[in-house]
>>> print(open('run_0.cif').read())   # mmCIF, N, CA and C atoms and all ligand atoms
data_data
#
loop_
_atom_site.label_atom_id
_atom_site.label_comp_id
_atom_site.auth_asym_id
_atom_site.auth_seq_id
_atom_site.Cartn_x
_atom_site.Cartn_y
_atom_site.Cartn_z
N MET A 1 -97.25 25.06 -101.48
CA MET A 1 -97.25 24.53 -100.12
C MET A 1 -95.89 24.72 -99.47
N ARG A 2 -95.89 25.18 -98.27
CA ARG A 2 -94.63 25.43 -97.58
C ARG A 2 -94.06 24.16 -96.99
N GLU A 3 -92.77 23.99 -97.14
CA GLU A 3 -92.12 22.87 -96.49
C GLU A 3 -91.81 23.27 -95.06
N THR A 4 -91.69 22.27 -94.22
CA THR A 4 -91.26 22.59 -92.86
C THR A 4 -89.77 22.86 -92.88
N THR A 5 -89.25 23.26 -91.75
CA THR A 5 -87.83 23.60 -91.67
C THR A 5 -86.98 22.43 -92.17
N GLN A 6 -86.09 22.77 -93.04
CA GLN A 6 -85.18 21.83 -93.67
C GLN A 6 -84.49 20.95 -92.62
N SER A 7 -84.59 19.65 -92.79
CA SER A 7 -84.10 18.75 -91.75
C SER A 7 -82.58 18.68 -91.69
N ALA A 8 -81.90 18.93 -92.82
CA ALA A 8 -80.45 18.80 -92.86
C ALA A 8 -79.76 19.89 -92.04
N LEU A 9 -80.45 20.99 -91.79
CA LEU A 9 -79.83 22.10 -91.08
C LEU A 9 -80.30 22.13 -89.63
N ASP A 10 -79.36 22.32 -88.73
CA ASP A 10 -79.67 22.53 -87.33
C ASP A 10 -79.55 24.03 -87.07
N TRP A 11 -80.68 24.71 -87.09
CA TRP A 11 -80.66 26.18 -86.99
C TRP A 11 -80.17 26.68 -85.66
N ARG A 12 -80.06 25.79 -84.65
CA ARG A 12 -79.47 26.22 -83.38
C ARG A 12 -78.00 26.58 -83.56
N ARG A 13 -77.40 26.10 -84.66
CA ARG A 13 -76.00 26.42 -84.93
C ARG A 13 -75.83 27.87 -85.43
N TYR A 14 -76.95 28.49 -85.80
CA TYR A 14 -76.89 29.85 -86.36
C TYR A 14 -77.79 30.75 -85.52
N PRO A 15 -77.38 31.03 -84.28
CA PRO A 15 -78.29 31.67 -83.32
C PRO A 15 -78.74 33.07 -83.72
N ASN A 16 -78.05 33.72 -84.65
CA ASN A 16 -78.44 35.07 -85.06
C ASN A 16 -79.38 35.08 -86.26
N PHE A 17 -79.77 33.89 -86.72
CA PHE A 17 -80.61 33.82 -87.91
C PHE A 17 -81.79 32.90 -87.68
N ARG A 18 -82.87 33.18 -88.40
CA ARG A 18 -84.07 32.35 -88.33
C ARG A 18 -84.36 31.80 -89.73
N PRO A 19 -84.83 30.56 -89.82
CA PRO A 19 -85.09 29.97 -91.15
C PRO A 19 -86.05 30.81 -92.00
N GLU A 20 -87.00 31.47 -91.35
CA GLU A 20 -87.98 32.27 -92.10
C GLU A 20 -87.31 33.34 -92.96
N GLU A 21 -86.15 33.84 -92.48
CA GLU A 21 -85.45 34.89 -93.22
C GLU A 21 -84.88 34.39 -94.54
N PHE A 22 -84.69 33.08 -94.65
CA PHE A 22 -83.98 32.52 -95.80
C PHE A 22 -84.87 31.77 -96.77
N ARG A 23 -86.18 31.70 -96.48
CA ARG A 23 -87.08 31.00 -97.38
C ARG A 23 -87.20 31.73 -98.71
N CYS A 24 -87.33 30.96 -99.77
CA CYS A 24 -87.60 31.54 -101.08
C CYS A 24 -88.88 32.36 -101.00
N ARG A 25 -88.80 33.64 -101.39
CA ARG A 25 -89.97 34.51 -101.34
C ARG A 25 -91.03 34.10 -102.36
N HIS A 26 -90.63 33.27 -103.32
CA HIS A 26 -91.55 32.86 -104.40
C HIS A 26 -92.25 31.54 -104.08
N THR A 27 -91.51 30.56 -103.55
CA THR A 27 -92.08 29.23 -103.33
C THR A 27 -92.17 28.84 -101.86
N GLY A 28 -91.46 29.55 -100.98
CA GLY A 28 -91.43 29.15 -99.58
C GLY A 28 -90.44 28.05 -99.28
N ARG A 29 -89.76 27.54 -100.32
CA ARG A 29 -88.77 26.48 -100.11
C ARG A 29 -87.57 27.02 -99.35
N LEU A 30 -86.90 26.12 -98.64
CA LEU A 30 -85.74 26.50 -97.84
C LEU A 30 -84.66 25.44 -97.99
N ARG A 31 -83.63 25.76 -98.74
CA ARG A 31 -82.56 24.79 -98.98
C ARG A 31 -81.20 25.46 -98.87
N MET A 32 -80.94 26.04 -97.71
CA MET A 32 -79.64 26.69 -97.52
C MET A 32 -78.56 25.64 -97.32
N ASP A 33 -77.38 25.95 -97.79
CA ASP A 33 -76.22 25.06 -97.68
C ASP A 33 -75.62 25.19 -96.27
N PRO A 34 -75.37 24.06 -95.59
CA PRO A 34 -74.84 24.14 -94.22
C PRO A 34 -73.50 24.88 -94.14
N GLY A 35 -72.62 24.63 -95.10
CA GLY A 35 -71.32 25.30 -95.09
C GLY A 35 -71.45 26.80 -95.23
N PHE A 36 -72.39 27.23 -96.09
CA PHE A 36 -72.62 28.66 -96.24
C PHE A 36 -73.13 29.26 -94.93
N MET A 37 -74.05 28.56 -94.29
CA MET A 37 -74.64 29.09 -93.05
C MET A 37 -73.60 29.17 -91.93
N GLU A 38 -72.70 28.18 -91.88
CA GLU A 38 -71.62 28.22 -90.87
C GLU A 38 -70.76 29.47 -91.10
N ARG A 39 -70.43 29.69 -92.37
CA ARG A 39 -69.60 30.84 -92.72
C ARG A 39 -70.32 32.16 -92.39
N LEU A 40 -71.62 32.18 -92.68
CA LEU A 40 -72.40 33.39 -92.42
C LEU A 40 -72.49 33.68 -90.92
N GLN A 41 -72.65 32.63 -90.12
CA GLN A 41 -72.72 32.84 -88.67
C GLN A 41 -71.38 33.35 -88.13
N ARG A 42 -70.28 32.81 -88.66
CA ARG A 42 -68.96 33.31 -88.23
C ARG A 42 -68.80 34.78 -88.60
N LEU A 43 -69.26 35.13 -89.80
CA LEU A 43 -69.22 36.54 -90.22
C LEU A 43 -70.07 37.40 -89.29
N ARG A 44 -71.27 36.94 -89.00
CA ARG A 44 -72.18 37.69 -88.13
C ARG A 44 -71.57 37.92 -86.75
N SER A 45 -70.90 36.90 -86.22
CA SER A 45 -70.28 37.02 -84.91
C SER A 45 -69.17 38.06 -84.93
N ALA A 46 -68.39 38.09 -86.01
CA ALA A 46 -67.31 39.07 -86.13
C ALA A 46 -67.86 40.47 -86.35
N TYR A 47 -68.93 40.56 -87.11
CA TYR A 47 -69.54 41.85 -87.47
C TYR A 47 -70.19 42.50 -86.23
N GLY A 48 -70.86 41.69 -85.43
CA GLY A 48 -71.37 42.16 -84.15
C GLY A 48 -72.61 43.05 -84.21
N ARG A 49 -73.21 43.16 -85.37
CA ARG A 49 -74.43 43.95 -85.52
C ARG A 49 -75.50 43.08 -86.16
N SER A 50 -76.75 43.50 -86.05
CA SER A 50 -77.80 42.69 -86.65
C SER A 50 -77.67 42.75 -88.18
N MET A 51 -78.08 41.67 -88.83
CA MET A 51 -78.04 41.58 -90.28
C MET A 51 -79.45 41.29 -90.78
N VAL A 52 -79.98 42.20 -91.60
CA VAL A 52 -81.31 42.02 -92.17
C VAL A 52 -81.17 41.30 -93.51
N ILE A 53 -81.68 40.07 -93.58
CA ILE A 53 -81.58 39.27 -94.80
C ILE A 53 -82.78 39.58 -95.70
N THR A 54 -82.52 40.08 -96.89
CA THR A 54 -83.64 40.39 -97.80
C THR A 54 -83.85 39.31 -98.84
N SER A 55 -82.87 38.41 -99.01
CA SER A 55 -83.03 37.27 -99.91
C SER A 55 -82.05 36.19 -99.49
N GLY A 56 -82.54 34.96 -99.40
CA GLY A 56 -81.67 33.84 -99.05
C GLY A 56 -81.77 32.79 -100.14
N TYR A 57 -82.43 31.66 -99.82
CA TYR A 57 -82.62 30.64 -100.84
C TYR A 57 -83.61 31.14 -101.89
N ARG A 58 -83.32 30.84 -103.16
CA ARG A 58 -84.28 31.10 -104.23
C ARG A 58 -84.44 29.85 -105.06
N ASP A 59 -85.68 29.44 -105.20
CA ASP A 59 -86.00 28.34 -106.09
C ASP A 59 -85.67 28.76 -107.52
N PRO A 60 -85.25 27.81 -108.38
CA PRO A 60 -84.96 28.18 -109.78
C PRO A 60 -86.14 28.85 -110.49
N THR A 61 -87.36 28.65 -109.97
CA THR A 61 -88.53 29.29 -110.59
C THR A 61 -88.77 30.72 -110.09
N HIS A 62 -87.98 31.15 -109.11
CA HIS A 62 -88.08 32.54 -108.62
C HIS A 62 -87.84 33.48 -109.80
N PRO A 63 -88.66 34.53 -109.95
CA PRO A 63 -88.52 35.42 -111.12
C PRO A 63 -87.11 35.97 -111.31
N ALA A 64 -86.41 36.26 -110.22
CA ALA A 64 -85.06 36.80 -110.34
C ALA A 64 -84.09 35.78 -110.91
N GLU A 65 -84.39 34.49 -110.74
CA GLU A 65 -83.52 33.43 -111.25
C GLU A 65 -83.95 32.98 -112.64
N ALA A 66 -85.26 32.91 -112.85
CA ALA A 66 -85.78 32.46 -114.14
C ALA A 66 -85.34 33.39 -115.26
N ALA A 67 -85.03 34.66 -114.91
CA ALA A 67 -84.61 35.65 -115.91
C ALA A 67 -83.16 35.45 -116.34
N LYS A 68 -82.41 34.66 -115.58
CA LYS A 68 -80.98 34.47 -115.89
C LYS A 68 -80.78 33.31 -116.85
N THR A 69 -79.65 33.33 -117.55
CA THR A 69 -79.34 32.23 -118.46
C THR A 69 -79.00 30.97 -117.67
N SER A 70 -78.29 31.12 -116.55
CA SER A 70 -78.08 29.98 -115.67
C SER A 70 -78.35 30.45 -114.25
N SER A 71 -78.96 29.59 -113.45
CA SER A 71 -79.36 30.03 -112.11
C SER A 71 -78.12 30.23 -111.24
N GLY A 72 -78.24 31.14 -110.30
CA GLY A 72 -77.10 31.60 -109.54
C GLY A 72 -76.95 30.98 -108.17
N ALA A 73 -76.11 31.63 -107.37
CA ALA A 73 -75.72 31.10 -106.07
C ALA A 73 -76.91 30.95 -105.11
N HIS A 74 -77.93 31.81 -105.27
CA HIS A 74 -79.09 31.72 -104.38
C HIS A 74 -79.80 30.37 -104.55
N THR A 75 -79.83 29.84 -105.78
CA THR A 75 -80.53 28.57 -106.02
C THR A 75 -79.76 27.39 -105.44
N LEU A 76 -78.48 27.61 -105.12
CA LEU A 76 -77.67 26.57 -104.50
C LEU A 76 -77.67 26.71 -102.98
N GLY A 77 -78.37 27.70 -102.47
CA GLY A 77 -78.38 27.94 -101.02
C GLY A 77 -77.06 28.47 -100.51
N ARG A 78 -76.29 29.06 -101.41
CA ARG A 78 -74.97 29.55 -101.01
C ARG A 78 -74.86 31.05 -101.22
N ALA A 79 -75.94 31.79 -100.99
CA ALA A 79 -75.93 33.24 -101.13
C ALA A 79 -77.01 33.85 -100.27
N CYS A 80 -76.78 35.09 -99.87
CA CYS A 80 -77.83 35.89 -99.27
C CYS A 80 -77.56 37.36 -99.56
N ASP A 81 -78.63 38.15 -99.50
CA ASP A 81 -78.52 39.60 -99.65
C ASP A 81 -78.80 40.22 -98.28
N VAL A 82 -77.98 41.19 -97.92
CA VAL A 82 -78.09 41.83 -96.61
C VAL A 82 -78.40 43.31 -96.83
N ALA A 83 -79.47 43.80 -96.22
CA ALA A 83 -79.82 45.22 -96.32
C ALA A 83 -78.88 46.01 -95.43
N VAL A 84 -78.00 46.79 -96.06
CA VAL A 84 -76.98 47.51 -95.30
C VAL A 84 -76.41 48.60 -96.19
N HIS A 85 -75.96 49.69 -95.60
CA HIS A 85 -75.36 50.76 -96.40
C HIS A 85 -74.31 51.51 -95.58
N GLY A 86 -73.56 52.35 -96.29
CA GLY A 86 -72.60 53.22 -95.64
C GLY A 86 -71.48 52.47 -94.94
N ARG A 87 -71.11 52.98 -93.76
CA ARG A 87 -70.01 52.41 -92.99
C ARG A 87 -70.25 50.93 -92.68
N ASP A 88 -71.48 50.58 -92.33
CA ASP A 88 -71.80 49.18 -92.03
C ASP A 88 -71.55 48.28 -93.25
N ALA A 89 -71.90 48.79 -94.43
CA ALA A 89 -71.70 48.01 -95.66
C ALA A 89 -70.21 47.77 -95.91
N LEU A 90 -69.42 48.81 -95.70
CA LEU A 90 -67.97 48.66 -95.89
C LEU A 90 -67.41 47.65 -94.89
N ASP A 91 -67.79 47.77 -93.62
CA ASP A 91 -67.32 46.82 -92.61
C ASP A 91 -67.72 45.40 -92.99
N LEU A 92 -68.96 45.23 -93.47
CA LEU A 92 -69.45 43.90 -93.82
C LEU A 92 -68.65 43.30 -94.98
N VAL A 93 -68.35 44.11 -95.99
CA VAL A 93 -67.59 43.61 -97.14
C VAL A 93 -66.18 43.21 -96.72
N VAL A 94 -65.53 44.05 -95.93
CA VAL A 94 -64.16 43.74 -95.48
C VAL A 94 -64.15 42.42 -94.71
N LEU A 95 -65.10 42.26 -93.79
CA LEU A 95 -65.16 41.04 -92.99
C LEU A 95 -65.55 39.84 -93.84
N ALA A 96 -66.44 40.05 -94.82
CA ALA A 96 -66.88 38.94 -95.67
C ALA A 96 -65.71 38.37 -96.46
N VAL A 97 -64.86 39.24 -96.99
CA VAL A 97 -63.68 38.77 -97.73
C VAL A 97 -62.78 37.97 -96.79
N ALA A 98 -62.58 38.48 -95.58
CA ALA A 98 -61.72 37.81 -94.60
C ALA A 98 -62.29 36.45 -94.20
N HIS A 99 -63.60 36.29 -94.28
CA HIS A 99 -64.23 35.03 -93.89
C HIS A 99 -64.46 34.10 -95.07
N GLY A 100 -63.89 34.41 -96.21
CA GLY A 100 -63.90 33.47 -97.32
C GLY A 100 -65.07 33.57 -98.26
N PHE A 101 -65.88 34.62 -98.14
CA PHE A 101 -66.91 34.83 -99.16
C PHE A 101 -66.22 35.24 -100.46
N THR A 102 -66.66 34.68 -101.56
CA THR A 102 -65.94 34.86 -102.83
C THR A 102 -66.72 35.66 -103.85
N GLY A 103 -68.00 35.90 -103.61
CA GLY A 103 -68.82 36.70 -104.51
C GLY A 103 -69.45 37.83 -103.71
N ILE A 104 -69.07 39.06 -104.05
CA ILE A 104 -69.58 40.23 -103.34
C ILE A 104 -70.29 41.10 -104.37
N GLY A 105 -71.60 41.26 -104.22
CA GLY A 105 -72.38 42.12 -105.10
C GLY A 105 -72.81 43.36 -104.33
N VAL A 106 -72.64 44.50 -104.97
CA VAL A 106 -72.87 45.77 -104.28
C VAL A 106 -74.03 46.52 -104.94
N GLN A 107 -75.07 46.80 -104.18
CA GLN A 107 -76.15 47.68 -104.63
C GLN A 107 -76.25 48.79 -103.59
N GLN A 108 -75.72 49.95 -103.92
CA GLN A 108 -75.65 51.04 -102.94
C GLN A 108 -76.22 52.33 -103.50
N ARG A 109 -77.19 52.20 -104.39
CA ARG A 109 -77.93 53.36 -104.88
C ARG A 109 -79.41 53.14 -104.60
N GLY A 110 -80.14 54.24 -104.44
CA GLY A 110 -81.59 54.14 -104.32
C GLY A 110 -82.05 53.69 -102.95
N LEU A 111 -83.28 53.19 -102.90
CA LEU A 111 -83.91 52.90 -101.62
C LEU A 111 -83.57 51.51 -101.11
N ARG A 112 -83.28 50.58 -102.00
CA ARG A 112 -83.01 49.20 -101.59
C ARG A 112 -81.51 48.92 -101.66
N ARG A 113 -80.76 49.39 -100.69
CA ARG A 113 -79.32 49.18 -100.69
C ARG A 113 -79.00 47.87 -99.99
N PHE A 114 -78.17 47.07 -100.63
CA PHE A 114 -77.83 45.78 -100.03
C PHE A 114 -76.46 45.32 -100.52
N ILE A 115 -75.96 44.31 -99.83
CA ILE A 115 -74.74 43.61 -100.23
C ILE A 115 -75.10 42.14 -100.43
N HIS A 116 -74.77 41.60 -101.60
CA HIS A 116 -74.92 40.17 -101.87
C HIS A 116 -73.64 39.47 -101.45
N LEU A 117 -73.80 38.34 -100.77
CA LEU A 117 -72.65 37.53 -100.37
C LEU A 117 -72.86 36.10 -100.84
N ASP A 118 -71.84 35.51 -101.46
CA ASP A 118 -71.88 34.07 -101.72
C ASP A 118 -70.49 33.49 -101.55
N ASP A 119 -70.43 32.16 -101.54
CA ASP A 119 -69.12 31.51 -101.34
C ASP A 119 -68.88 30.43 -102.40
N LEU A 120 -69.31 30.73 -103.63
CA LEU A 120 -69.10 29.78 -104.72
C LEU A 120 -67.61 29.63 -105.03
N ASP A 121 -67.29 28.46 -105.56
CA ASP A 121 -65.92 28.20 -106.01
C ASP A 121 -65.73 28.72 -107.43
N ALA A 122 -64.50 28.99 -107.78
CA ALA A 122 -64.20 29.45 -109.13
C ALA A 122 -64.41 28.31 -110.14
N THR A 123 -64.94 28.66 -111.30
CA THR A 123 -64.98 27.73 -112.43
C THR A 123 -64.42 28.48 -113.64
N THR A 124 -64.28 27.78 -114.75
CA THR A 124 -63.68 28.42 -115.92
C THR A 124 -64.51 29.60 -116.40
N ASP A 125 -65.84 29.49 -116.30
CA ASP A 125 -66.68 30.61 -116.74
C ASP A 125 -67.21 31.44 -115.58
N ARG A 126 -66.66 31.23 -114.40
CA ARG A 126 -67.11 32.01 -113.24
C ARG A 126 -65.93 32.29 -112.32
N PRO A 127 -65.21 33.38 -112.58
CA PRO A 127 -64.05 33.68 -111.75
C PRO A 127 -64.45 34.00 -110.32
N ARG A 128 -63.67 33.54 -109.40
CA ARG A 128 -63.83 33.85 -107.98
C ARG A 128 -62.43 33.99 -107.37
N PRO A 129 -62.21 34.87 -106.39
CA PRO A 129 -63.19 35.81 -105.86
C PRO A 129 -63.44 36.97 -106.81
N THR A 130 -64.59 37.60 -106.63
CA THR A 130 -64.95 38.71 -107.50
C THR A 130 -65.91 39.67 -106.79
N LEU A 131 -65.99 40.86 -107.34
CA LEU A 131 -66.90 41.88 -106.82
C LEU A 131 -67.61 42.51 -108.01
N TRP A 132 -68.90 42.78 -107.86
CA TRP A 132 -69.63 43.45 -108.94
C TRP A 132 -70.64 44.43 -108.35
N SER A 133 -71.10 45.32 -109.19
CA SER A 133 -72.20 46.19 -108.79
C SER A 133 -73.39 45.91 -109.69
N TYR A 134 -74.59 46.21 -109.20
CA TYR A 134 -75.80 45.98 -109.96
C TYR A 134 -76.14 47.23 -110.77
N ALA A 135 -76.68 47.03 -111.95
CA ALA A 135 -77.00 48.17 -112.83
C ALA A 135 -78.10 49.01 -112.21
ZN ZN B 1 -77.96 38.01 -104.15
#
>>> encode(input="run_0.cif", output="structure tokens")
Amino acid sequence: MRETTQSALDWRRYPNFRPEEFRCRHTGRLRMDPGFMERLQRLRSAYGRSMVITSGYRDPTHPAEAAKTSSGAHTLGRACDVAVHGRDALDLVVLAVAHGFTGIGVQQRGLRRFIHLDDLDATTDRPRPTLWSYA
């Protein structure tokens, strides 16, 4: 069953994004973190181009999360994947770092090219800031 739009978030604060883009593709749940969304909107305003969100919130039962040993930034509502490549991808990464995103994941091979962005804090077993590529 789908939940209605998350009450804690005022989506009017993020005029370039719609809640539907951030719902868990597996459960329909929507639990984005307000601080992350503020940061993402500031990034979007600086970037000045449309951003296609291919993954936002993920419930811990989402197959991509259930496969991990510990659930990631998407389950905390503090991550999204943006479909982007080439010059736009480079511009987005540069701006994301400047706007305080601390986790940058790069998938730039094949048909589904995207950049993962999150703003998690560093912990002893999770260094931040960091950049990685997907296998
Ligand atoms: Zn991601």
>>> closest_atom_pairs(input="run_0.cif", of="chain A", to="ligand ZN 1 (chain B)", cutoff="8 Å", atoms="only C-alpha atoms and all ligand atoms", output="Markdown table")
| residue | atom | partner | partner_atom | distance |
| --- | --- | --- | --- | --- |
| A:Ser55 | CA | B:ZN1 | ZN | 6.7 |
| A:Gly56 | CA | B:ZN1 | ZN | 7.6 |
| A:Ala73 | CA | B:ZN1 | ZN | 7.5 |
| A:His74 | CA | B:ZN1 | ZN | 6.4 |
| A:Ala79 | CA | B:ZN1 | ZN | 6.0 |
| A:Cys80 | CA | B:ZN1 | ZN | 5.3 |
| A:Asp81 | CA | B:ZN1 | ZN | 4.8 |
| A:Gly105 | CA | B:ZN1 | ZN | 7.0 |
| A:Ile115 | CA | B:ZN1 | ZN | 7.6 |
| A:His116 | CA | B:ZN1 | ZN | 4.4 |
| A:Leu117 | CA | B:ZN1 | ZN | 6.5 |
| A:Asp118 | CA | B:ZN1 | ZN | 7.6 |
>>> closest_residue(input="run_0.cif", among="A:Asp91, A:Asp119, A:Glu65, A:Asp59", to="Ile104 in chain A", atoms="only N, CA and C atoms")
A:Asp119
>>> atom_distance(input="run_0.cif", atom1="CA of Thr102 in chain A", atom2="CA of Arg44 in chain A")
16.2 Å
>>> select_by_dssp(input="run_0.cif", residues="range 43-129 of chain A", states="helix (DSSP H, G or I)", output="PyMOL selection string")
chain A and resi 43-47+63-66+73-76+86-98
>>> atom_distance(input="run_0.cif", atom1="CA of Pro63 in chain A", atom2="CA of Asn16 in chain A")
27.9 Å
>>> closest_residue(input="run_0.cif", among="A:Glu21, A:Val97, A:Ser133, A:Arg12", to="Val52 in chain A", atoms="only N, CA and C atoms")
A:Glu21
>>> closest_residue(input="run_0.cif", among="A:Val106, A:Met32, A:Cys24, A:Ala67", to="Ala8 in chain A", atoms="only N, CA and C atoms")
A:Met32
>>> atom_distance(input="run_0.cif", atom1="CA of Leu43 in chain A", atom2="CA of Arg113 in chain A")
19.3 Å
>>> closest_residue(input="run_0.cif", among="A:Arg23, A:Gly72, A:Leu90, A:Gly35", to="Tyr57 in chain A", atoms="all atoms listed in the file")
A:Arg23
>>> residues_near_point(input="run_0.cif", point="(-65.3, 31.7, -107.1)", cutoff="8 Å", atoms="only C-alpha atoms", output="number ranges by chain")
A: 102-103, 119-123, 126-130
>>> select_by_dssp(input="run_0.cif", residues="chain A", states="strand (DSSP E)", output="JSON, numbers by chain")
{"A": [52, 53, 54, 55, 79, 80, 81, 82, 83, 103, 104, 105, 106, 107, 114, 115, 116, 117, 118, 130, 131, 132, 133]}
>>> write_last_selection(input="run_0.cif", atoms="N, CA and C atoms", output="PDB file, in the frame of the given file")
ATOM      1  N   VAL A  52     -79.980  42.200 -91.600  1.00  0.00           N
ATOM      2  CA  VAL A  52     -81.310  42.020 -92.170  1.00  0.00           C
ATOM      3  C   VAL A  52     -81.170  41.300 -93.510  1.00  0.00           C
ATOM      4  N   ILE A  53     -81.680  40.070 -93.580  1.00  0.00           N
ATOM      5  CA  ILE A  53     -81.580  39.270 -94.800  1.00  0.00           C
ATOM      6  C   ILE A  53     -82.780  39.580 -95.700  1.00  0.00           C
ATOM      7  N   THR A  54     -82.520  40.080 -96.890  1.00  0.00           N
ATOM      8  CA  THR A  54     -83.640  40.390 -97.800  1.00  0.00           C
ATOM      9  C   THR A  54     -83.850  39.310 -98.840  1.00  0.00           C
ATOM     10  N   SER A  55     -82.870  38.410 -99.010  1.00  0.00           N
ATOM     11  CA  SER A  55     -83.030  37.270 -99.910  1.00  0.00           C
ATOM     12  C   SER A  55     -82.050  36.190 -99.490  1.00  0.00           C
ATOM     13  N   ALA A  79     -75.940  31.790-100.990  1.00  0.00           N
ATOM     14  CA  ALA A  79     -75.930  33.240-101.130  1.00  0.00           C
ATOM     15  C   ALA A  79     -77.010  33.850-100.270  1.00  0.00           C
ATOM     16  N   CYS A  80     -76.780  35.090 -99.870  1.00  0.00           N
ATOM     17  CA  CYS A  80     -77.830  35.890 -99.270  1.00  0.00           C
ATOM     18  C   CYS A  80     -77.560  37.360 -99.560  1.00  0.00           C
ATOM     19  N   ASP A  81     -78.630  38.150 -99.500  1.00  0.00           N
ATOM     20  CA  ASP A  81     -78.520  39.600 -99.650  1.00  0.00           C
ATOM     21  C   ASP A  81     -78.800  40.220 -98.280  1.00  0.00           C
ATOM     22  N   VAL A  82     -77.980  41.190 -97.920  1.00  0.00           N
ATOM     23  CA  VAL A  82     -78.090  41.830 -96.610  1.00  0.00           C
ATOM     24  C   VAL A  82     -78.400  43.310 -96.830  1.00  0.00           C
ATOM     25  N   ALA A  83     -79.470  43.800 -96.220  1.00  0.00           N
ATOM     26  CA  ALA A  83     -79.820  45.220 -96.320  1.00  0.00           C
ATOM     27  C   ALA A  83     -78.880  46.010 -95.430  1.00  0.00           C
ATOM     28  N   GLY A 103     -68.000  35.900-103.610  1.00  0.00           N
ATOM     29  CA  GLY A 103     -68.820  36.700-104.510  1.00  0.00           C
ATOM     30  C   GLY A 103     -69.450  37.830-103.710  1.00  0.00           C
ATOM     31  N   ILE A 104     -69.070  39.060-104.050  1.00  0.00           N
ATOM     32  CA  ILE A 104     -69.580  40.230-103.340  1.00  0.00           C
ATOM     33  C   ILE A 104     -70.290  41.100-104.370  1.00  0.00           C
ATOM     34  N   GLY A 105     -71.600  41.260-104.220  1.00  0.00           N
ATOM     35  CA  GLY A 105     -72.380  42.120-105.100  1.00  0.00           C
ATOM     36  C   GLY A 105     -72.810  43.360-104.330  1.00  0.00           C
ATOM     37  N   VAL A 106     -72.640  44.500-104.970  1.00  0.00           N
ATOM     38  CA  VAL A 106     -72.870  45.770-104.280  1.00  0.00           C
ATOM     39  C   VAL A 106     -74.030  46.520-104.940  1.00  0.00           C
ATOM     40  N   GLN A 107     -75.070  46.800-104.180  1.00  0.00           N
ATOM     41  CA  GLN A 107     -76.150  47.680-104.630  1.00  0.00           C
ATOM     42  C   GLN A 107     -76.250  48.790-103.590  1.00  0.00           C
ATOM     43  N   PHE A 114     -78.170  47.070-100.630  1.00  0.00           N
ATOM     44  CA  PHE A 114     -77.830  45.780-100.030  1.00  0.00           C
ATOM     45  C   PHE A 114     -76.460  45.320-100.520  1.00  0.00           C
ATOM     46  N   ILE A 115     -75.960  44.310 -99.830  1.00  0.00           N
ATOM     47  CA  ILE A 115     -74.740  43.610-100.230  1.00  0.00           C
ATOM     48  C   ILE A 115     -75.100  42.140-100.430  1.00  0.00           C
ATOM     49  N   HIS A 116     -74.770  41.600-101.600  1.00  0.00           N
ATOM     50  CA  HIS A 116     -74.920  40.170-101.870  1.00  0.00           C
ATOM     51  C   HIS A 116     -73.640  39.470-101.450  1.00  0.00           C
ATOM     52  N   LEU A 117     -73.800  38.340-100.770  1.00  0.00           N
ATOM     53  CA  LEU A 117     -72.650  37.530-100.370  1.00  0.00           C
ATOM     54  C   LEU A 117     -72.860  36.100-100.840  1.00  0.00           C
ATOM     55  N   ASP A 118     -71.840  35.510-101.460  1.00  0.00           N
ATOM     56  CA  ASP A 118     -71.880  34.070-101.720  1.00  0.00           C
ATOM     57  C   ASP A 118     -70.490  33.490-101.550  1.00  0.00           C
ATOM     58  N   THR A 130     -64.590  37.600-106.630  1.00  0.00           N
ATOM     59  CA  THR A 130     -64.950  38.710-107.500  1.00  0.00           C
ATOM     60  C   THR A 130     -65.910  39.670-106.790  1.00  0.00           C
ATOM     61  N   LEU A 131     -65.990  40.860-107.340  1.00  0.00           N
ATOM     62  CA  LEU A 131     -66.900  41.880-106.820  1.00  0.00           C
ATOM     63  C   LEU A 131     -67.610  42.510-108.010  1.00  0.00           C
ATOM     64  N   TRP A 132     -68.900  42.780-107.860  1.00  0.00           N
ATOM     65  CA  TRP A 132     -69.630  43.450-108.940  1.00  0.00           C
ATOM     66  C   TRP A 132     -70.640  44.430-108.350  1.00  0.00           C
ATOM     67  N   SER A 133     -71.100  45.320-109.190  1.00  0.00           N
ATOM     68  CA  SER A 133     -72.200  46.190-108.790  1.00  0.00           C
ATOM     69  C   SER A 133     -73.390  45.910-109.690  1.00  0.00           C
TER      70      SER A 133
END
>>> closest_residue(input="run_0.cif", among="A:Arg18, A:Lys68, A:Arg13, A:Arg25", to="Glu38 in chain A", atoms="only N, CA and C atoms")
A:Arg13
>>> closest_residue(input="run_0.cif", among="A:Thr75, A:Pro60, A:Thr124, A:His99", to="Arg42 in chain A", atoms="only N, CA and C atoms")
A:His99
